[in-house]
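Please read the structure below before turning to the comments.
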Amino acid sequence: MTAREMFKVTVGLTGLMVGLAGCAGGGDDAAAGQGRSGGTLRIIGSSDVEHLDPSSVASVGAYGLARTFARTLFGTRASNDFQETLPVRPDVAERVPTRENGGVSKDRRTYTVRLREGVQWNTEPPRPVTAQDFVRGFERLCNPAAPSAGKGYFISTLKGMDEFCRGYGDVNAKNPAAMAAYQRDHGIEGVRAKDERTLVFKLVRPASDFLNLLTLPYTAAAPKEYDAYVPDGAEFRQHTVSNGPYQITEYRPGLSYQLTRNPAWRAGSDPLRERHVAKIRITLGQDSPEAVQQQIEQGTADLAWDQPVPTSAIPRLEGDPRFAIRETPNNSPYLVFNTRSPNNGGALGKREVRQALEYAIDRSALIKIVGGPSVARPLHTVIPPGNSGYAAADHYPTSGESGDPAKCRELLGKTGHGKLTLKFPYRTNSVHKLLAQSIAENLDACGVGTDLIADSGGSFYAGTLGTPARGREGEWDIAAPGWVPDWYGNNGRSIIQPLFDGRAYGQNSTNYGGYDNPQVNALIDAALTAPDAQHAAGYWQQADQKIMQDAAIVPLLDRSQTLFHSSRVHGALYLPTTAAYDYTRLWLS
């Protein structure tokens, strides 16, 4: 949500978005409808997405892929002007509901959304996307097989969502018929299809960011065909259905995707996307960013899938119109502690141990690894600058951002846990191995051993960090995931709630370390019920301070996204929530 070299998404605010000159690469032509049609966009990278099912997507890579085939009620527009990416715009919805146009009730607890005509599924024969398809999409968020990491947003916002999800958890996760039956027989009070083209949402309380929530890719419409498969299962992944400009026509797990044009899509029914290239081919299995960069520069590939520009290449690329640095406010990477781990006598469950380890990390070394100060800045808070609720603070200061191993050893000694060995899984693509090695060296200087474990193939988030049983069994102790905003603008809840609400801990939760503090949970509730965004920001700030006092994580970097495209790519318009260019806007010369 940068990060995510397939990493998580979520948070942002105002005017950030600085790119090097010329990076649009013909974007104005494409926006004016002058983009050339045809050709195959060749994308190359490392790992498969952890979830392909739109209801479960959780990484920037998956967000960018879902945008091509799974449409939501609202969305945002790709642009190289960051301000243009902030407003919520209609997608499948006809218009943005307001109190003035009757779409929002006077008490701001009821939203009525009318669907536009002409949006169709690529079925045989094509059929219209209906309001019931969106209801099904919301119901699938709580499926027990691959529940959405974002379901907490809606449990705290929509009437009846909590009860619906609690009941759904008892259904057999391996039985698609049982799951379909539960959805058929148990509705969500706050999500109702009034007719084929009208949706009515009922909120527990007013939420100024509710329309932002409806831009999230896991709120996409879901066709009735999805009832036949285990959500995000192997069979499901071979039978995705599209209502966007492209459709997945070939998927080889862990190896490649091929997308072709969806014949049921019509440009006139889609205000956010275009369609220029004939095919999109994504080839996986290349862990080396240097190899990826070489192929793009040689013209045998067009874009990187989940690799930033190699650090060594950045100095020589400055001024190259194919290169850009895009500010994408994020916490990436950060070091998360598995507070549920039984290893080392349960040491990481103790705040004093975690506080000692806060002093170990040399952020200056990490900044060099990712490309220097033009690419990354040290981060000491949960909420990065440029996001609602941010306030500068440094609870564990060290000279020159270089760490203080002596203080770390001293504090650890006082806890009675001076001898620790921590299991440390790391992603194998991009610079993650180098980052992990640097952190391991810092911990070693603190007297803490690490067991580095390569975690490849897209299993890092969904398989390792997102599976509570593996955390409780001590399969990992620390890890370095990343977090990018799910949305920008009015996004106060989009970091604290998904990462630190202990009540949401469970399968696919992004509260990876199982952190649970009733005081933080209460601050989350206070922010969600605040009378306005300004008051809410104060509560988010208090929660940030409390989380850092508890040392639930070690914030490391606020890291920009480095991008490079081949000479034949034009219309390169950035979509911050995907940390990539919008594939539907690109065209080839």
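Naming works like this for the structure tokens: A, B, ... for the chains as they're shown, residue 1 at the start of each chain, ligands 1 onward in shown order.
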
Inset, instruction - Please give the complete set of residues from range 82-274 of chain A that DSSP, run on the backbone, assigns to helix (DSSP H, G or I), formatted as a PyMOL selection string. - result: chain A and resi 82-85+131-140+151-155+161-168+176-185+210-213+217-219+224-228+234-237+267-269

Inset, instruction - List every residue of range 248-452 of chain A that DSSP, applied to the backbone, labels as strand (DSSP E), and write the result as a count of residues only. - result: 42

Inset, instruction - Find, counting only C-alpha atoms, the residue in A:Ala543, A:Ile43, A:Ile553, A:Ala220 that gets nearest to Gly514 in chain A. - result: A:Ile553

I'd like the neighbourhood of Val200 in chain A as a PDB file with N, CA and C atoms, in the first residue's frame, where a residue qualifies if any of its atoms comes within 9 Å (using only C-alpha atoms), though same-chain residues fewer than 2 positions away should be ignored.
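New file out.pdb:
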```pdb
ATOM      1  N   THR A 110     -28.308   6.765   5.769  1.00  0.00           N
ATOM      2  CA  THR A 110     -28.842   5.986   4.654  1.00  0.00           C
ATOM      3  C   THR A 110     -28.304   6.539   3.345  1.00  0.00           C
ATOM      4  N   TYR A 111     -27.727   5.644   2.541  1.00  0.00           N
ATOM      5  CA  TYR A 111     -27.201   6.018   1.228  1.00  0.00           C
ATOM      6  C   TYR A 111     -27.956   5.219   0.170  1.00  0.00           C
ATOM      7  N   THR A 112     -28.441   5.917  -0.833  1.00  0.00           N
ATOM      8  CA  THR A 112     -29.117   5.267  -1.953  1.00  0.00           C
ATOM      9  C   THR A 112     -28.265   5.456  -3.204  1.00  0.00           C
ATOM     10  N   VAL A 113     -27.901   4.350  -3.837  1.00  0.00           N
ATOM     11  CA  VAL A 113     -26.997   4.388  -4.990  1.00  0.00           C
ATOM     12  C   VAL A 113     -27.692   3.755  -6.184  1.00  0.00           C
ATOM     13  N   ARG A 114     -27.753   4.489  -7.258  1.00  0.00           N
ATOM     14  CA  ARG A 114     -28.357   4.022  -8.497  1.00  0.00           C
ATOM     15  C   ARG A 114     -27.263   3.552  -9.447  1.00  0.00           C
ATOM     16  N   GLY A 190     -27.855  -3.803   6.496  1.00  0.00           N
ATOM     17  CA  GLY A 190     -27.406  -2.530   5.946  1.00  0.00           C
ATOM     18  C   GLY A 190     -27.061  -2.534   4.483  1.00  0.00           C
ATOM     19  N   VAL A 191     -27.277  -3.643   3.768  1.00  0.00           N
ATOM     20  CA  VAL A 191     -26.999  -3.705   2.325  1.00  0.00           C
ATOM     21  C   VAL A 191     -28.178  -4.383   1.644  1.00  0.00           C
ATOM     22  N   ARG A 192     -28.950  -3.605   0.886  1.00  0.00           N
ATOM     23  CA  ARG A 192     -30.179  -4.168   0.305  1.00  0.00           C
ATOM     24  C   ARG A 192     -30.341  -3.706  -1.139  1.00  0.00           C
ATOM     25  N   ALA A 193     -30.777  -4.630  -1.993  1.00  0.00           N
ATOM     26  CA  ALA A 193     -31.103  -4.292  -3.375  1.00  0.00           C
ATOM     27  C   ALA A 193     -32.585  -3.900  -3.427  1.00  0.00           C
ATOM     28  N   LYS A 194     -32.853  -2.640  -3.620  1.00  0.00           N
ATOM     29  CA  LYS A 194     -34.235  -2.155  -3.692  1.00  0.00           C
ATOM     30  C   LYS A 194     -34.891  -2.615  -4.984  1.00  0.00           C
ATOM     31  N   THR A 198     -30.903  -0.397  -7.990  1.00  0.00           N
ATOM     32  CA  THR A 198     -30.843   0.508  -6.839  1.00  0.00           C
ATOM     33  C   THR A 198     -30.377  -0.222  -5.590  1.00  0.00           C
ATOM     34  N   LYS A 202     -27.557   1.060   4.901  1.00  0.00           N
ATOM     35  CA  LYS A 202     -27.923   1.590   6.207  1.00  0.00           C
ATOM     36  C   LYS A 202     -26.703   1.532   7.113  1.00  0.00           C
TER      37      LYS A 202
END
```

Inset, instruction - Mind giving me the straight-line distance from CA of Gly471 in chain A to CA of Arg493 in chain A in Å, one decimal? - result: 25.0 Å

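By only C-alpha atoms, and with residues fewer than 6 positions from range 150-160 of chain A along its chain excluded, the set lying at most 8 Å from it is Leu141, Cys142, Ile188, Glu189, Gly190, Val191, Phe201, Lys202, Leu203, Val204, Arg205, Ala207, Leu213, Tyr218, Gln497, Pro498 and Ala504 of chain A.
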
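For the choices A:Ser46, A:His432, A:Val96, A:Phe74, the atom-to-atom distance to Ala291 in chain A is smallest for A:Ser46 when using only C-alpha atoms.
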